[in-house]
file query-v9.txt (compact mmCIF, C-alpha atoms)
# COMPACT_ATOMS: atom_id res chain seq x y z
CA MET A 684 -31.52 31.16 4.91
CA PRO A 685 -31.73 29.91 1.32
CA PRO A 686 -30.17 26.49 0.67
CA ILE A 687 -26.70 26.30 -0.87
CA PRO A 688 -26.99 25.47 -4.59
CA PRO A 689 -25.82 21.93 -5.44
CA THR A 690 -22.98 23.26 -7.61
CA LEU A 691 -21.52 25.15 -4.63
CA ARG A 692 -21.83 22.31 -2.14
CA GLU A 693 -18.78 20.34 -1.09
CA LYS A 694 -18.71 17.03 -2.98
CA ARG A 695 -18.41 14.16 -0.55
CA ARG A 696 -17.48 10.50 -0.72
CA TYR A 697 -18.48 7.75 1.67
CA ILE A 698 -15.88 5.06 2.42
CA HIS A 699 -17.24 1.70 3.51
CA PHE A 700 -14.76 -0.30 5.57
CA GLN A 701 -14.50 -3.43 7.65
CA VAL A 702 -12.41 -3.81 10.79
CA VAL A 703 -10.17 -6.89 11.01
CA SER A 704 -9.00 -7.48 14.57
CA GLU A 705 -8.52 -10.25 17.10
CA ALA A 706 -10.27 -8.21 19.78
CA ASP A 707 -13.81 -6.83 19.86
CA ALA A 708 -14.03 -3.10 19.31
CA SER A 709 -16.79 -0.68 20.19
CA GLU A 710 -17.96 2.14 17.94
CA SER A 711 -16.00 4.71 19.96
CA ASP A 712 -12.78 2.64 19.71
CA VAL A 713 -13.10 2.42 15.93
CA LYS A 714 -14.00 6.11 15.69
CA HIS A 715 -10.93 7.11 17.71
CA ALA A 716 -8.66 4.82 15.69
CA ALA A 717 -9.95 6.29 12.41
CA TYR A 718 -9.71 9.92 13.55
CA ASN A 719 -6.26 9.40 15.13
CA SER A 720 -4.92 7.82 11.94
CA ILE A 721 -6.34 10.63 9.78
CA ILE A 722 -4.98 13.39 12.02
CA SER A 723 -1.55 11.75 12.30
CA PHE A 724 -1.28 11.09 8.57
CA LEU A 725 -2.82 14.28 7.17
CA GLY A 726 -2.16 16.71 10.01
CA GLU A 727 -4.54 19.46 11.13
CA TYR A 728 -4.51 21.35 7.83
CA GLY A 729 -4.93 18.22 5.70
CA SER A 730 -7.70 16.96 7.98
CA ALA A 731 -9.50 20.29 7.65
CA LYS A 732 -9.36 19.97 3.87
CA ALA A 733 -10.49 16.34 4.00
CA ASN A 734 -13.32 17.19 6.42
CA PRO A 735 -13.64 13.59 7.67
CA LYS A 736 -16.72 12.50 9.54
CA PHE A 737 -17.38 9.15 11.15
CA ILE A 738 -20.91 8.18 10.12
CA GLU A 739 -21.58 4.78 11.68
CA TYR A 740 -20.16 1.44 12.79
CA ASP A 741 -21.90 -1.85 13.34
CA PRO A 742 -20.00 -4.06 15.86
CA LYS A 743 -21.85 -7.18 14.67
CA THR A 744 -20.72 -7.01 11.04
CA ARG A 745 -17.63 -4.93 11.94
CA LYS A 746 -18.46 -2.61 9.06
CA GLY A 747 -18.53 1.16 9.17
CA ILE A 748 -18.68 4.31 7.07
CA VAL A 749 -16.47 7.41 7.01
CA LYS A 750 -17.28 10.53 4.98
CA CYS A 751 -14.73 12.90 3.39
CA THR A 752 -14.42 15.42 0.57
CA HIS A 753 -13.92 14.00 -2.91
CA THR A 754 -10.64 15.87 -3.50
CA GLU A 755 -8.91 14.24 -0.51
CA LEU A 756 -10.40 10.77 -0.98
CA GLU A 757 -7.13 8.97 -1.81
CA LEU A 758 -5.37 10.48 1.20
CA VAL A 759 -8.19 9.52 3.58
CA LYS A 760 -8.18 6.00 2.13
CA ALA A 761 -4.41 5.82 2.69
CA ALA A 762 -4.83 7.10 6.26
CA LEU A 763 -7.45 4.44 7.03
CA ALA A 764 -5.28 1.75 5.43
CA LEU A 765 -2.47 2.72 7.79
CA VAL A 766 -4.42 1.87 10.95
CA SER A 767 -2.43 -0.92 12.57
CA GLU A 768 -3.73 -1.10 16.15
CA LEU A 769 -7.04 -1.07 17.93
CA ASN A 770 -7.09 -1.18 21.76
CA ASN A 771 -3.34 -1.98 21.69
CA LYS A 772 -3.96 -5.12 19.62
CA PRO A 773 -3.01 -5.61 15.97
CA ALA A 774 -5.83 -4.64 13.62
CA CYS A 775 -6.49 -3.18 10.21
CA PHE A 776 -9.22 -1.47 8.24
CA ARG A 777 -10.18 -3.17 4.97
CA LEU A 778 -11.63 -0.68 2.50
CA LEU A 779 -14.65 -2.27 0.83
CA ARG A 780 -16.00 0.41 -1.50
CA VAL A 781 -16.43 4.12 -2.07
CA SER A 782 -19.65 5.82 -3.04
CA GLY A 783 -21.09 9.30 -3.45
CA THR A 784 -24.27 8.45 -1.57
CA LEU A 785 -25.02 6.71 1.72
CA LYS A 786 -27.98 4.95 0.12
CA THR A 787 -25.73 3.01 -2.23
CA ILE A 788 -23.44 1.82 0.54
CA ARG A 789 -26.24 0.90 2.94
CA GLY A 790 -28.10 -0.85 0.14
CA ARG A 791 -25.17 -3.07 -0.75
CA SER A 792 -23.65 -5.19 1.95
CA ALA A 793 -22.15 -7.62 -0.57
CA PRO A 794 -18.80 -6.74 -2.18
CA ARG A 795 -18.74 -5.24 -5.64
CA LYS A 796 -19.15 -7.64 -8.56
CA LYS A 797 -15.98 -8.48 -10.50
CA MET B 1466 -10.20 -1.68 -11.13
CA SER B 1467 -11.84 -5.07 -11.13
CA GLU B 1468 -10.88 -5.81 -14.79
CA MET B 1469 -7.15 -5.62 -14.09
CA LYS B 1470 -5.20 -8.48 -12.59
CA TYR B 1471 -3.15 -7.59 -9.53
CA PHE B 1472 -0.17 -9.49 -8.16
CA GLU B 1473 1.49 -9.42 -4.76
CA ALA B 1474 5.16 -10.40 -4.90
CA SER B 1475 6.46 -9.25 -1.54
CA LEU B 1476 4.84 -11.39 1.17
CA ARG B 1477 6.97 -12.34 4.15
CA PHE B 1478 4.71 -15.09 5.54
CA PRO B 1479 3.76 -18.22 3.60
CA LEU B 1480 0.10 -18.42 4.68
CA GLY B 1481 -0.47 -14.98 3.20
CA GLU B 1482 -0.71 -16.35 -0.34
CA LYS B 1483 -4.21 -17.70 0.28
CA GLU B 1484 -5.33 -14.63 2.21
CA ALA B 1485 -4.02 -12.29 -0.48
CA GLY B 1486 -6.08 -14.23 -3.02
CA GLU B 1487 -9.19 -13.45 -0.99
CA LEU B 1488 -8.31 -9.74 -1.02
CA GLY B 1489 -8.41 -9.49 -4.80
CA PHE B 1490 -4.94 -10.54 -5.93
CA SER B 1491 -4.74 -12.99 -8.83
CA LYS B 1492 -1.53 -14.44 -7.47
CA ALA B 1493 0.58 -13.81 -4.39
CA VAL B 1494 4.06 -15.17 -3.72
CA SER B 1495 6.64 -15.00 -0.94
CA PRO B 1496 10.04 -14.22 -2.45
CA ILE B 1497 13.39 -14.86 -0.79
CA PHE B 1498 14.61 -11.68 0.91
CA LEU B 1499 18.40 -11.68 0.81
CA GLU B 1500 19.81 -9.13 3.24
CA ALA B 1501 23.24 -8.09 2.08
CA SER B 1502 25.56 -5.42 3.41
CA LYS B 1503 28.36 -5.93 0.87
CA PRO B 1504 28.55 -7.18 -2.75
CA SER B 1505 30.23 -10.46 -1.78
CA GLU B 1506 27.03 -11.53 -0.01
CA LEU B 1507 25.10 -11.70 -3.29
CA LYS B 1508 26.20 -15.22 -4.17
CA LYS B 1509 23.01 -17.00 -3.11
CA LYS B 1510 21.00 -18.01 -6.17
CA PRO B 1511 17.28 -18.76 -6.08
CA LYS B 1512 15.85 -22.18 -6.95
CA LYS B 1513 13.70 -22.61 -10.02
CA GLY B 1514 10.40 -20.75 -9.65
CA GLU B 1515 11.61 -18.56 -6.77
CA LEU B 1516 11.89 -14.78 -6.74
CA LEU B 1517 14.92 -13.22 -5.10
CA CYS B 1518 14.82 -9.75 -3.58
CA VAL B 1519 18.03 -8.10 -2.41
CA VAL B 1520 17.57 -5.94 0.69
CA SER B 1521 20.42 -3.54 1.25
CA SER B 1522 21.11 0.04 2.24
CA ASP B 1523 24.55 -0.14 0.60
CA ASN B 1524 24.46 1.47 -2.84
CA GLU B 1525 27.41 -0.53 -4.20
CA THR B 1526 25.71 -3.80 -3.22
CA LEU B 1527 22.51 -2.69 -4.96
CA ARG B 1528 24.51 -1.67 -8.05
CA GLN B 1529 26.06 -5.14 -8.22
CA ALA B 1530 22.61 -6.68 -7.68
CA CYS B 1531 21.29 -4.75 -10.70
CA ARG B 1532 23.83 -6.55 -12.90
CA LYS B 1533 22.86 -10.06 -11.76
CA PRO B 1534 20.12 -11.58 -13.92
CA TYR B 1535 18.90 -14.04 -11.24
CA ILE B 1536 17.92 -11.19 -8.89
CA SER B 1537 14.30 -10.22 -9.47
CA PHE B 1538 13.94 -6.93 -7.59
CA LEU B 1539 15.59 -4.69 -5.02
CA LEU B 1540 14.70 -3.06 -1.74
CA ASP B 1541 16.58 -0.15 -0.23
CA PRO B 1542 15.06 0.30 3.26
CA SER B 1543 16.80 3.66 3.64
CA PHE B 1544 15.37 4.96 0.30
CA SER B 1545 18.58 6.90 -0.20
CA GLY B 1546 17.83 7.70 -3.85
CA ASP B 1547 21.31 7.36 -5.36
CA VAL B 1548 21.02 8.79 -8.88
CA GLY B 1549 23.59 6.46 -10.45
CA LEU B 1550 21.89 3.43 -8.92
CA LEU B 1551 18.44 4.50 -10.09
CA LYS B 1552 19.73 5.09 -13.63
CA LEU B 1553 21.40 1.67 -13.65
CA ALA B 1554 18.23 0.01 -12.33
CA ALA B 1555 16.24 1.70 -15.11
CA GLU B 1556 18.76 0.52 -17.72
CA LYS B 1557 18.76 -3.08 -16.40
CA ASN B 1558 14.99 -3.02 -15.77
CA LYS B 1559 15.32 -3.99 -12.11
CA PRO B 1560 12.35 -2.75 -10.10
CA PHE B 1561 12.58 -1.26 -6.61
CA LEU B 1562 10.07 -2.50 -4.06
CA LEU B 1563 7.91 0.00 -2.15
CA PRO B 1564 6.63 -2.01 0.84
CA THR B 1565 3.83 -0.50 2.94
CA SER B 1566 4.82 -2.65 5.94
CA LEU B 1567 7.76 -0.31 6.61
CA VAL B 1568 5.30 2.57 6.99
CA LEU B 1569 2.97 0.51 9.19
CA GLU B 1570 5.82 -0.47 11.51
CA SER B 1571 6.92 3.11 12.14
CA ARG B 1572 5.23 5.78 14.24
CA GLY B 1573 5.23 9.55 14.70
CA MET B 1574 8.22 11.52 13.48
CA ARG B 1575 9.99 8.35 12.31
CA ARG B 1576 7.04 7.60 10.00
CA ALA B 1577 7.03 11.21 8.75
CA MET B 1578 10.75 11.00 7.89
CA LEU B 1579 10.27 7.65 6.17
CA LEU B 1580 7.33 8.98 4.12
CA SER B 1581 9.41 12.00 3.16
CA ARG B 1582 12.28 9.78 1.95
CA MET B 1583 9.87 7.49 0.10
CA ARG B 1584 8.21 10.48 -1.61
CA PHE B 1585 11.56 11.78 -2.82
CA PHE B 1586 12.58 8.28 -3.92
CA VAL B 1587 9.35 7.94 -5.96
CA HIS B 1588 9.98 11.40 -7.44
CA LEU B 1589 13.49 10.35 -8.57
CA CYS B 1590 12.24 7.00 -9.89
CA THR B 1591 9.61 8.83 -11.96
CA ALA B 1592 12.25 11.21 -13.31
CA PHE B 1593 14.69 8.42 -14.30
CA LYS B 1594 11.96 5.97 -15.38
CA THR B 1595 13.15 3.41 -12.82
CA PRO B 1596 10.58 0.60 -12.51
CA LEU B 1597 8.74 0.36 -9.19
CA LEU B 1598 7.01 -2.58 -7.58
CA LEU B 1599 4.19 -2.02 -5.11
CA GLY B 1600 3.62 -4.50 -2.35
CA SER B 1601 2.57 -4.83 1.24
CA GLY B 1602 5.68 -6.73 2.40
CA ALA B 1603 3.32 -8.18 4.98
CA LYS B 1604 4.63 -10.20 7.89
CA ASN B 1605 1.12 -11.01 9.16
CA GLU B 1606 -2.49 -10.82 7.99
CA PHE B 1607 -2.98 -7.34 9.49
CA GLN B 1608 -0.25 -5.88 7.30
CA LEU B 1609 -1.80 -7.32 4.14
CA LYS B 1610 -3.40 -4.61 2.02
CA THR B 1611 -5.88 -4.81 -0.83
CA PRO B 1612 -4.91 -3.48 -4.29
CA ARG B 1613 -7.08 -0.38 -3.74
CA GLU B 1614 -5.40 0.38 -0.43
CA LEU B 1615 -1.94 -0.03 -1.96
CA VAL B 1616 -2.87 2.31 -4.82
CA ALA B 1617 -4.19 4.87 -2.30
CA ILE B 1618 -0.96 4.71 -0.27
CA ALA B 1619 1.14 4.97 -3.45
CA SER B 1620 -0.88 8.01 -4.51
CA ALA B 1621 -0.09 9.59 -1.14
CA LEU B 1622 3.59 8.95 -1.91
CA GLY B 1623 3.28 10.94 -5.13
CA LEU B 1624 2.92 8.09 -7.60
CA GLU B 1625 0.39 8.73 -10.36
CA HIS B 1626 -2.73 6.57 -10.25
CA GLU B 1627 -1.98 4.77 -13.55
CA ARG B 1628 1.66 4.20 -12.64
CA ALA B 1629 0.64 2.82 -9.25
CA LYS B 1630 -1.70 0.35 -10.95
CA PHE B 1631 1.10 -0.63 -13.35
CA ALA B 1632 3.42 -1.24 -10.38
CA LEU B 1633 0.82 -3.57 -8.94
CA SER B 1634 -0.24 -5.42 -12.10
CA GLU B 1635 2.04 -5.49 -15.15
CA GLN B 1636 5.35 -5.01 -13.31
CA PRO B 1637 4.91 -8.00 -10.94
CA ALA B 1638 3.26 -10.00 -13.75
CA ALA B 1639 6.46 -9.67 -15.79
CA LEU B 1640 8.57 -10.90 -12.84
CA LEU B 1641 6.26 -13.83 -12.13
CA GLY B 1642 6.09 -14.65 -15.85
CA GLU B 1643 9.90 -14.81 -16.08
CA LYS B 1644 9.93 -17.43 -13.34
CA GLY B 1645 7.03 -19.36 -14.85
CA LEU B 1646 4.77 -18.67 -11.86
CA ILE B 1647 1.84 -17.43 -13.99
call {"tool": "encode", "arguments": {"input": "query-v9.txt", "output": "structure tokens"}}
result
Amino acid sequence: MPPIPPTLREKRRYIHFQVVSEADASESDVKHAAYNSIISFLGEYGSAKANPKFIEYDPKTRKGIVKCTHTELELVKAALALVSELNNKPACFRLLRVSGTLKTIRGRSAPRKK
Amino acid sequence: MSEMKYFEASLRFPLGEKEAGELGFSKAVSPIFLEASKPSELKKKPKKGELLCVVSSDNETLRQACRKPYISFLLDPSFSGDVGLLKLAAEKNKPFLLPTSLVLESRGMRRAMLLSRMRFFVHLCTAFKTPLLLGSGAKNEFQLKTPRELVAIASALGLEHERAKFALSEQPAALLGEKGLI
């Protein structure tokens, strides 16, 4: 099958976030919290348009990455910002930066320069 | 976004001022939230350098609050969207607060209804040019949101990106400037 031309591919954005919580959280806990928040905020139809995908989470640094389509970026950011609990304990997701490539996010662990 | 200065004027816990500074706000303050159910309860005046926010679901109380110069901004937790009130607030340049903590504290259908009311309220405020003030209204560190997160939530409520940034930078800057806090 020939590859899809770049102009026809879905444009994606990677959201780098950090979990702030009193309790430790595993990758699956964070994944469930992110997906539950997206599905409850955007619904099934909105989630299908946003096409979210949990890429990775590092429990040591508490940082992770979620992918979505570029058209629904603001809504996915809002959905992640509305996470308020993790394992029944108060928690929140701090959005660190957004990028079009994974390489940029993985290459920069420091926050963006002001 | 990093060139603009953002201000948080709706904190509900004093220690949040330092934490908000770490999240990218130039200045964060905890105003006095005066909960009033009738106009006669609006007599409390703020001290010098304090912001006063009137919290009420009663439209007549909010109308009276619009006319009082010592009241900095208003919060209608029911987001009823009374047209006369919104026009008066636009005329008197009294901003309405949009706190994200109300959304965080609700769940399920209750959150959906609240978001619906907030969306319609934002729509009316845009139509009547009523000033809006974005804030987290945080009661603890977990409810504190960064400027980017607040702009994203405001965008989901139907506020244009530029207007959301204005509601987070120049609008609170004017309020803090009036009180000599910046």
call {"tool": "closest_residue", "arguments": {"input": "query-v9.txt", "among": "B:Ala1474, B:Ile1536, B:Met1578, B:Leu1609", "to": "A:Val766", "atoms": "all atoms listed in the file"}}
result
B:Leu1609
call {"tool": "closest_atom_pairs", "arguments": {"input": "query-v9.txt", "of": "chain A", "to": "chain B", "cutoff": "8 Å", "atoms": "all atoms listed in the file", "output": "Markdown table"}}
result
| residue | atom | partner | partner_atom | distance |
| --- | --- | --- | --- | --- |
| A:Val703 | CA | B:Phe1607 | CA | 7.4 |
| A:Ser704 | CA | B:Phe1607 | CA | 7.9 |
| A:Ser723 | CA | B:Gly1573 | CA | 7.5 |
| A:Glu757 | CA | B:Ala1617 | CA | 5.1 |
| A:Leu758 | CA | B:Ala1621 | CA | 5.8 |
| A:Lys760 | CA | B:Ala1617 | CA | 6.1 |
| A:Ala761 | CA | B:Ile1618 | CA | 4.7 |
| A:Ala762 | CA | B:Ile1618 | CA | 8.0 |
| A:Ala764 | CA | B:Glu1614 | CA | 6.0 |
| A:Leu765 | CA | B:Leu1569 | CA | 6.0 |
| A:Val766 | CA | B:Leu1569 | CA | 7.7 |
| A:Ser767 | CA | B:Leu1569 | CA | 6.5 |
| A:Pro773 | CA | B:Phe1607 | CA | 6.7 |
| A:Ala774 | CA | B:Phe1607 | CA | 5.7 |
| A:Cys775 | CA | B:Phe1607 | CA | 5.5 |
| A:Arg777 | CA | B:Thr1611 | CA | 7.4 |
| A:Leu778 | CA | B:Glu1614 | CA | 7.0 |
| A:Lys797 | CA | B:Ser1467 | CA | 5.4 |
call {"tool": "closest_residue", "arguments": {"input": "query-v9.txt", "among": "A:Thr754, A:Arg745, A:Lys772, A:Leu785", "to": "A:Phe700", "atoms": "all atoms listed in the file"}}
result
A:Arg745
call {"tool": "axis_aligned_box", "arguments": {"input": "query-v9.txt", "around": "stretch 744-754 of chain A", "padding_each_side": "4 Å", "output": "JSON"}}
result
{"center_x": -15.7, "center_y": 4.4, "center_z": 4.2, "size_x": 18.1, "size_y": 30.9, "size_z": 23.4}
call {"tool": "closest_residue", "arguments": {"input": "query-v9.txt", "among": "A:Glu755, A:Glu710, A:Glu705, A:Glu693", "to": "A:Ala733", "atoms": "all atoms listed in the file"}}
result
A:Glu755
call {"tool": "residues_around", "arguments": {"input": "query-v9.txt", "residues": "B:Tyr1471", "least_positions_apart": "2", "cutoff": "8 Å", "atoms": "all atoms listed in the file", "output": "list in words"}}
result
Met1469, Glu1473, Gly1489, Phe1490, Ser1491, Lys1492, Pro1612, Leu1633, Ser1634 and Glu1635 of chain B
call {"tool": "residues_around", "arguments": {"input": "query-v9.txt", "residues": "stretch 717-721 of chain A", "least_positions_apart": "2", "cutoff": "8 Å", "atoms": "only C-alpha atoms", "output": "compact mmCIF listing (two decimals) with C-alpha atoms, in the coordinates of the input"}}
result
# COMPACT_ATOMS: atom_id res chain seq x y z
CA VAL A 713 -13.10 2.42 15.93
CA LYS A 714 -14.00 6.11 15.69
CA HIS A 715 -10.93 7.11 17.71
CA SER A 723 -1.55 11.75 12.30
CA PHE A 724 -1.28 11.09 8.57
CA LEU A 725 -2.82 14.28 7.17
CA GLY A 726 -2.16 16.71 10.01
CA SER A 730 -7.70 16.96 7.98
CA PRO A 735 -13.64 13.59 7.67
CA VAL A 759 -8.19 9.52 3.58
CA ALA A 762 -4.83 7.10 6.26
CA LEU A 763 -7.45 4.44 7.03
CA LEU A 765 -2.47 2.72 7.79
CA VAL A 766 -4.42 1.87 10.95
call {"tool": "closest_residue", "arguments": {"input": "query-v9.txt", "among": "B:Leu1640, B:Arg1532, B:Lys1512, B:Asp1541", "to": "B:Glu1500", "atoms": "only C-alpha atoms"}}
result
B:Asp1541
call {"tool": "residues_around", "arguments": {"input": "query-v9.txt", "residues": "A:Asn770", "least_positions_apart": "6", "cutoff": "8 Å", "atoms": "only C-alpha atoms", "output": "PyMOL selection string"}}
result
chain A and resi 706+708+712
call {"tool": "write_last_selection", "arguments": {"input": "query-v9.txt", "atoms": "C-alpha atoms", "output": "compact mmCIF listing (two decimals), in the coordinates of the input"}}
result
# COMPACT_ATOMS: atom_id res chain seq x y z
CA ALA A 706 -10.27 -8.21 19.78
CA ALA A 708 -14.03 -3.10 19.31
CA ASP A 712 -12.78 2.64 19.71
call {"tool": "closest_residue", "arguments": {"input": "query-v9.txt", "among": "B:Lys1508, B:Ser1495, B:Asn1524, B:Lys1559", "to": "B:Gly1600", "atoms": "all atoms listed in the file"}}
result
B:Ser1495
call {"tool": "atom_distance", "arguments": {"input": "query-v9.txt", "atom1": "atom CA of A:Glu768", "atom2": "atom CA of B:Arg1582"}}
result
24.0 Å
call {"tool": "atom_distance", "arguments": {"input": "query-v9.txt", "atom1": "atom CA of B:Ser1522", "atom2": "atom CA of B:Phe1585"}}
result
16.0 Å
call {"tool": "atom_distance", "arguments": {"input": "query-v9.txt", "atom1": "atom CA of B:Ala1530", "atom2": "atom CA of B:Leu1624"}}
result
24.6 Å
call {"tool": "residues_around", "arguments": {"input": "query-v9.txt", "residues": "B:Ala1639", "least_positions_apart": "4", "cutoff": "12 Å", "atoms": "all atoms listed in the file", "output": "list in words"}}
result
Tyr1471, Phe1472, Ala1474, Leu1516, Ser1537, Phe1538, Asn1558, Lys1559, Pro1560, Pro1596, Leu1598, Phe1631, Ala1632, Leu1633, Ser1634, Glu1635, Glu1643, Lys1644, Gly1645, Leu1646 and Ile1647 of chain B
call {"tool": "closest_residue", "arguments": {"input": "query-v9.txt", "among": "B:Val1548, B:Leu1641, B:Ala1485, B:Ala1629", "to": "B:Leu1599", "atoms": "all atoms listed in the file"}}
result
B:Ala1629
